[in-house]
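**Student:** Handing over data_3.pdb, PDB, C-alpha atoms and all ligand atoms.
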```
ATOM      1  CA  MET E   1       0.000   0.000   0.000  1.00  0.00           C
ATOM      2  CA  PRO E   2       1.224   3.512  -0.653  1.00  0.00           C
ATOM      3  CA  CYS E   3       2.151   5.711   2.299  1.00  0.00           C
ATOM      4  CA  ASN E   4      -0.375   8.508   2.728  1.00  0.00           C
ATOM      5  CA  ARG E   5       2.134  11.104   3.875  1.00  0.00           C
ATOM      6  CA  PRO E   6       2.519  13.783   1.198  1.00  0.00           C
ATOM      7  CA  ASP E   7       6.299  13.947   1.647  1.00  0.00           C
ATOM      8  CA  CYS E   8       6.577  10.220   0.878  1.00  0.00           C
ATOM      9  CA  ASP E   9       4.981  10.663  -2.531  1.00  0.00           C
ATOM     10  CA  GLY E  10       3.132   7.360  -2.435  1.00  0.00           C
ATOM     11  CA  GLN E  11       6.120   5.248  -1.483  1.00  0.00           C
ATOM     12  CA  LEU E  12       5.014   1.662  -0.994  1.00  0.00           C
ATOM     13  CA  ILE E  13       4.981   0.340   2.535  1.00  0.00           C
ATOM     14  CA  VAL E  14       3.902  -2.806   4.318  1.00  0.00           C
ATOM     15  CA  PHE E  15       2.801  -3.283   7.890  1.00  0.00           C
ATOM     16  CA  ALA E  16       4.086  -5.990  10.178  1.00  0.00           C
ATOM     17  CA  VAL E  17       3.740  -6.847  13.847  1.00  0.00           C
ATOM     18  CA  ARG E  18       6.995  -6.723  15.732  1.00  0.00           C
ATOM     19  CA  GLU E  19       7.805 -10.070  17.274  1.00  0.00           C
ATOM     20  CA  ASP E  20       9.372  -8.482  20.350  1.00  0.00           C
ATOM     21  CA  THR E  21       6.979  -5.653  21.159  1.00  0.00           C
ATOM     22  CA  GLY E  22       3.744  -6.795  19.488  1.00  0.00           C
ATOM     23  CA  ARG E  23       3.366  -3.362  17.905  1.00  0.00           C
ATOM     24  CA  THR E  24       2.357  -2.862  14.293  1.00  0.00           C
ATOM     25  CA  VAL E  25       4.880  -0.768  12.413  1.00  0.00           C
ATOM     26  CA  PRO E  26       5.315   0.241   8.758  1.00  0.00           C
ATOM     27  CA  TYR E  27       8.227  -0.979   6.642  1.00  0.00           C
ATOM     28  CA  ASP E  28       9.457  -0.023   3.217  1.00  0.00           C
ATOM     29  CA  ALA E  29       7.865  -2.517   0.825  1.00  0.00           C
ATOM     30  CA  GLU E  30      11.093  -2.782  -1.133  1.00  0.00           C
ATOM     31  CA  PRO E  31      13.451  -5.229   0.624  1.00  0.00           C
ATOM     32  CA  VAL E  32      17.044  -4.157   1.232  1.00  0.00           C
ATOM     33  CA  ASP E  33      20.023  -5.949  -0.288  1.00  0.00           C
ATOM     34  CA  VAL E  34      21.825  -7.229   2.804  1.00  0.00           C
ATOM     35  CA  ASP E  35      24.888  -8.143   0.744  1.00  0.00           C
ATOM     36  CA  HIS E  36      25.392  -4.489  -0.100  1.00  0.00           C
ATOM     37  CA  VAL E  37      23.975  -2.449   2.725  1.00  0.00           C
ATOM     38  CA  GLY E  38      23.966  -4.953   5.566  1.00  0.00           C
ATOM     39  CA  SER E  39      21.068  -5.758   7.856  1.00  0.00           C
ATOM     40  CA  THR E  40      21.684  -3.128  10.540  1.00  0.00           C
ATOM     41  CA  GLY E  41      18.419  -1.575  11.611  1.00  0.00           C
ATOM     42  CA  CYS E  42      16.428  -3.841   9.326  1.00  0.00           C
ATOM     43  CA  HIS E  43      13.933  -6.511  10.234  1.00  0.00           C
ATOM     44  CA  VAL E  44      12.986  -9.764   8.579  1.00  0.00           C
ATOM     45  CA  LEU E  45       9.344  -9.914   7.587  1.00  0.00           C
ATOM     46  CA  ILE E  46       7.783 -13.366   7.701  1.00  0.00           C
ATOM     47  CA  GLU E  47       4.048 -13.871   7.422  1.00  0.00           C
ATOM     48  CA  GLY E  48       3.205 -10.454   8.778  1.00  0.00           C
ATOM     49  CA  LYS E  49       5.673 -10.655  11.631  1.00  0.00           C
ATOM     50  CA  ALA E  50       8.769  -8.520  11.895  1.00  0.00           C
ATOM     51  CA  TRP E  51      11.833 -10.116  13.454  1.00  0.00           C
ATOM     52  CA  ASN E  52      15.058  -8.663  14.659  1.00  0.00           C
ATOM     53  CA  PRO E  53      17.607 -10.681  12.594  1.00  0.00           C
ATOM     54  CA  VAL E  54      19.562 -11.693  15.690  1.00  0.00           C
ATOM     55  CA  ARG E  55      16.419 -12.846  17.473  1.00  0.00           C
ATOM     56  CA  LEU E  56      15.286 -14.702  14.372  1.00  0.00           C
ATOM     57  CA  ALA E  57      18.575 -16.578  14.147  1.00  0.00           C
ATOM     58  CA  GLU E  58      18.184 -17.702  17.750  1.00  0.00           C
ATOM     59  CA  HIS E  59      14.608 -18.704  16.998  1.00  0.00           C
ATOM     60  CA  PHE E  60      15.659 -20.683  13.908  1.00  0.00           C
ATOM     61  CA  GLN E  61      18.410 -22.446  15.814  1.00  0.00           C
ATOM     62  CA  VAL E  62      15.833 -23.734  18.288  1.00  0.00           C
ATOM     63  CA  VAL E  63      12.957 -24.643  15.983  1.00  0.00           C
ATOM     64  CA  PHE E  64      15.134 -26.191  13.261  1.00  0.00           C
ATOM     65  CA  GLU E  65      17.578 -27.676  15.790  1.00  0.00           C
ATOM     66  CA  LEU E  66      20.517 -26.201  13.921  1.00  0.00           C
ATOM     67  CA  PRO E  67      24.004 -27.266  15.018  1.00  0.00           C
ATOM     68  CA  SER E  68      25.371 -23.714  15.181  1.00  0.00           C
ATOM     69  CA  ILE E  69      24.209 -20.129  15.417  1.00  0.00           C
ATOM     70  CA  ASP E  70      26.297 -19.353  12.318  1.00  0.00           C
ATOM     71  CA  ARG E  71      24.113 -21.698  10.289  1.00  0.00           C
ATOM     72  CA  ALA E  72      21.069 -19.936  11.675  1.00  0.00           C
ATOM     73  CA  HIS E  73      22.455 -16.549  10.632  1.00  0.00           C
ATOM     74  CA  GLN E  74      23.030 -17.902   7.107  1.00  0.00           C
ATOM     75  CA  LEU E  75      19.425 -19.010   7.002  1.00  0.00           C
ATOM     76  CA  VAL E  76      18.184 -15.618   8.178  1.00  0.00           C
ATOM     77  CA  ARG E  77      20.108 -13.898   5.381  1.00  0.00           C
ATOM     78  CA  GLU E  78      18.082 -15.838   2.829  1.00  0.00           C
ATOM     79  CA  TYR E  79      14.933 -14.054   3.965  1.00  0.00           C
ATOM     80  CA  GLN E  80      13.970 -10.577   2.862  1.00  0.00           C
ATOM     81  CA  HIS E  81      15.076  -7.742   5.107  1.00  0.00           C
ATOM     82  CA  HIS E  82      13.053  -4.550   5.248  1.00  0.00           C
ATOM     83  CA  ARG E  83      13.899  -1.144   6.597  1.00  0.00           C
ATOM     84  CA  PRO E  84      11.410   0.452   9.005  1.00  0.00           C
ATOM     85  CA  HIS E  85       9.494   3.210   7.259  1.00  0.00           C
ATOM     86  CA  LEU E  86      10.129   6.255   9.400  1.00  0.00           C
ATOM     87  CA  HIS E  87       9.135   9.869   9.158  1.00  0.00           C
ATOM     88  CA  LEU E  88      12.043  11.643  10.700  1.00  0.00           C
ATOM     89  CA  THR E  89      10.780  15.185  10.384  1.00  0.00           C
ATOM     90  CA  THR E  90       7.199  15.114  11.575  1.00  0.00           C
ATOM     91  CA  ASN E  91       6.775  11.918  13.489  1.00  0.00           C
ATOM     92  CA  THR E  92       3.810  12.651  15.714  1.00  0.00           C
ATOM     93  CA  GLU E  93       1.562   9.837  14.629  1.00  0.00           C
ATOM     94  CA  GLY E  94       2.552   6.275  13.881  1.00  0.00           C
ATOM     95  CA  GLU E  95       5.051   4.429  15.961  1.00  0.00           C
ATOM     96  CA  ARG E  96       8.784   4.257  15.845  1.00  0.00           C
ATOM     97  CA  PRO E  97      10.230   0.775  16.007  1.00  0.00           C
TER      98      PRO E  97
HETATM   99 ZN    ZN T   1       5.776   7.555   4.620  1.00  0.00          ZN
END
```
Take the structure in the file and give it back as structure tokens.
Ligand SMILES: [Zn+2]
**Tutor:**
Amino acid sequence: MPCNRPDCDGQLIVFAVREDTGRTVPYDAEPVDVDHVGSTGCHVLIEGKAWNPVRLAEHFQVVFELPSIDRAHQLVREYQHHRPHLHLTTNTEGERP
């Protein structure tokens, strides 16, 4: 869906529920390329849930019974990472992640 803020000019966003806080926050619909920009500040969106990549790796290690956390991190990188959609100038409504 397009963002309704005029300064965003209809930039596409998606909403997801943060796994840690349970809050619904907007993300840029376009996933980031973690190989180029890294995953810092980004979250992994899976089925409407937004995961901190570190938390997700720990989660994967448990549910998939992975032998190492490194393997879990590799797995996390295969998922799409999205940057939170923030309005830095006039952020009175909406929630910051
Ligand atoms: Zn916006």
**Student:** Write out as a PDB file with C-alpha atoms, keeping the file's coordinate frame the residues lying within 8 Å of Asp20 in chain E, counting only C-alpha atoms and excluding same-chain residues fewer than 2 positions away.
**Tutor:**
```
ATOM      1  CA  ARG E  18       6.995  -6.723  15.732  1.00  0.00           C
ATOM      2  CA  GLY E  22       3.744  -6.795  19.488  1.00  0.00           C
ATOM      3  CA  TRP E  51      11.833 -10.116  13.454  1.00  0.00           C
TER       4      TRP E  51
END
```
**Student:** Taking only C-alpha atoms and all ligand atoms and a cut-off of 10 Å, can you tell me which residues surround ligand ZN 1 (chain T), written as a ChimeraX atom specification?
**Tutor:** /E:2-13,26-28,85-88,91,94
**Student:** Please save C-alpha atoms of the selected residues as a short mmCIF file (atom, residue, chain, number, x, y, z; two decimals), keeping the file's coordinate frame.
**Tutor:**
```
data_model
loop_
_atom_site.label_atom_id
_atom_site.label_comp_id
_atom_site.auth_asym_id
_atom_site.auth_seq_id
_atom_site.Cartn_x
_atom_site.Cartn_y
_atom_site.Cartn_z
CA PRO E 2 1.22 3.51 -0.65
CA CYS E 3 2.15 5.71 2.30
CA ASN E 4 -0.38 8.51 2.73
CA ARG E 5 2.13 11.10 3.88
CA PRO E 6 2.52 13.78 1.20
CA ASP E 7 6.30 13.95 1.65
CA CYS E 8 6.58 10.22 0.88
CA ASP E 9 4.98 10.66 -2.53
CA GLY E 10 3.13 7.36 -2.44
CA GLN E 11 6.12 5.25 -1.48
CA LEU E 12 5.01 1.66 -0.99
CA ILE E 13 4.98 0.34 2.54
CA PRO E 26 5.32 0.24 8.76
CA TYR E 27 8.23 -0.98 6.64
CA ASP E 28 9.46 -0.02 3.22
CA HIS E 85 9.49 3.21 7.26
CA LEU E 86 10.13 6.26 9.40
CA HIS E 87 9.14 9.87 9.16
CA LEU E 88 12.04 11.64 10.70
CA ASN E 91 6.78 11.92 13.49
CA GLY E 94 2.55 6.28 13.88
#
```
**Student:** Measure the distance from CA of Asp70 in chain E to CA of Val17 in chain E in Å and round it to one decimal.
**Tutor:**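 A separation of 25.8 Å between them.
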**Student:** Could you give me, as a ChimeraX atom specification, the residues that have an atom at most 9 Å away from the point (15.2, -18.2, 11.7) in the coordinates of the file, using only C-alpha atoms?
**Tutor:** /E:51,53-64,72-73,75-76,79
**Student:** Using only C-alpha atoms, can you tell me which of E:Pro67, E:His81, E:Val25, E:Met1 comes closest to Gly41 in chain E?
**Tutor:**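 Checking each candidate against Gly41 in chain E, we get E:His81 as the closest.
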**Student:** Name the residues that the PyMOL selection byres (((chain E and resi 80) around 10) and not hetatm) picks from the file above, as a PyMOL selection string, using the file's chain letters and numbers.
**Tutor:** chain E and resi 30-34+39+42-46+76-79+81-82
**Student:** How many Å lie between CA of Ala29 in chain E and CA of Glu47 in chain E, rounded to one decimal?
**Tutor:**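 For CA of Ala29 in chain E relative to CA of Glu47 in chain E, the distance reads 13.7 Å.
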**Student:** Separation of CA of Thr24 in chain E and CA of Thr40 in chain E, in Å?
**Tutor:**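 Interatomic distance, CA of Thr24 in chain E to CA of Thr40 in chain E: 19.7 Å.
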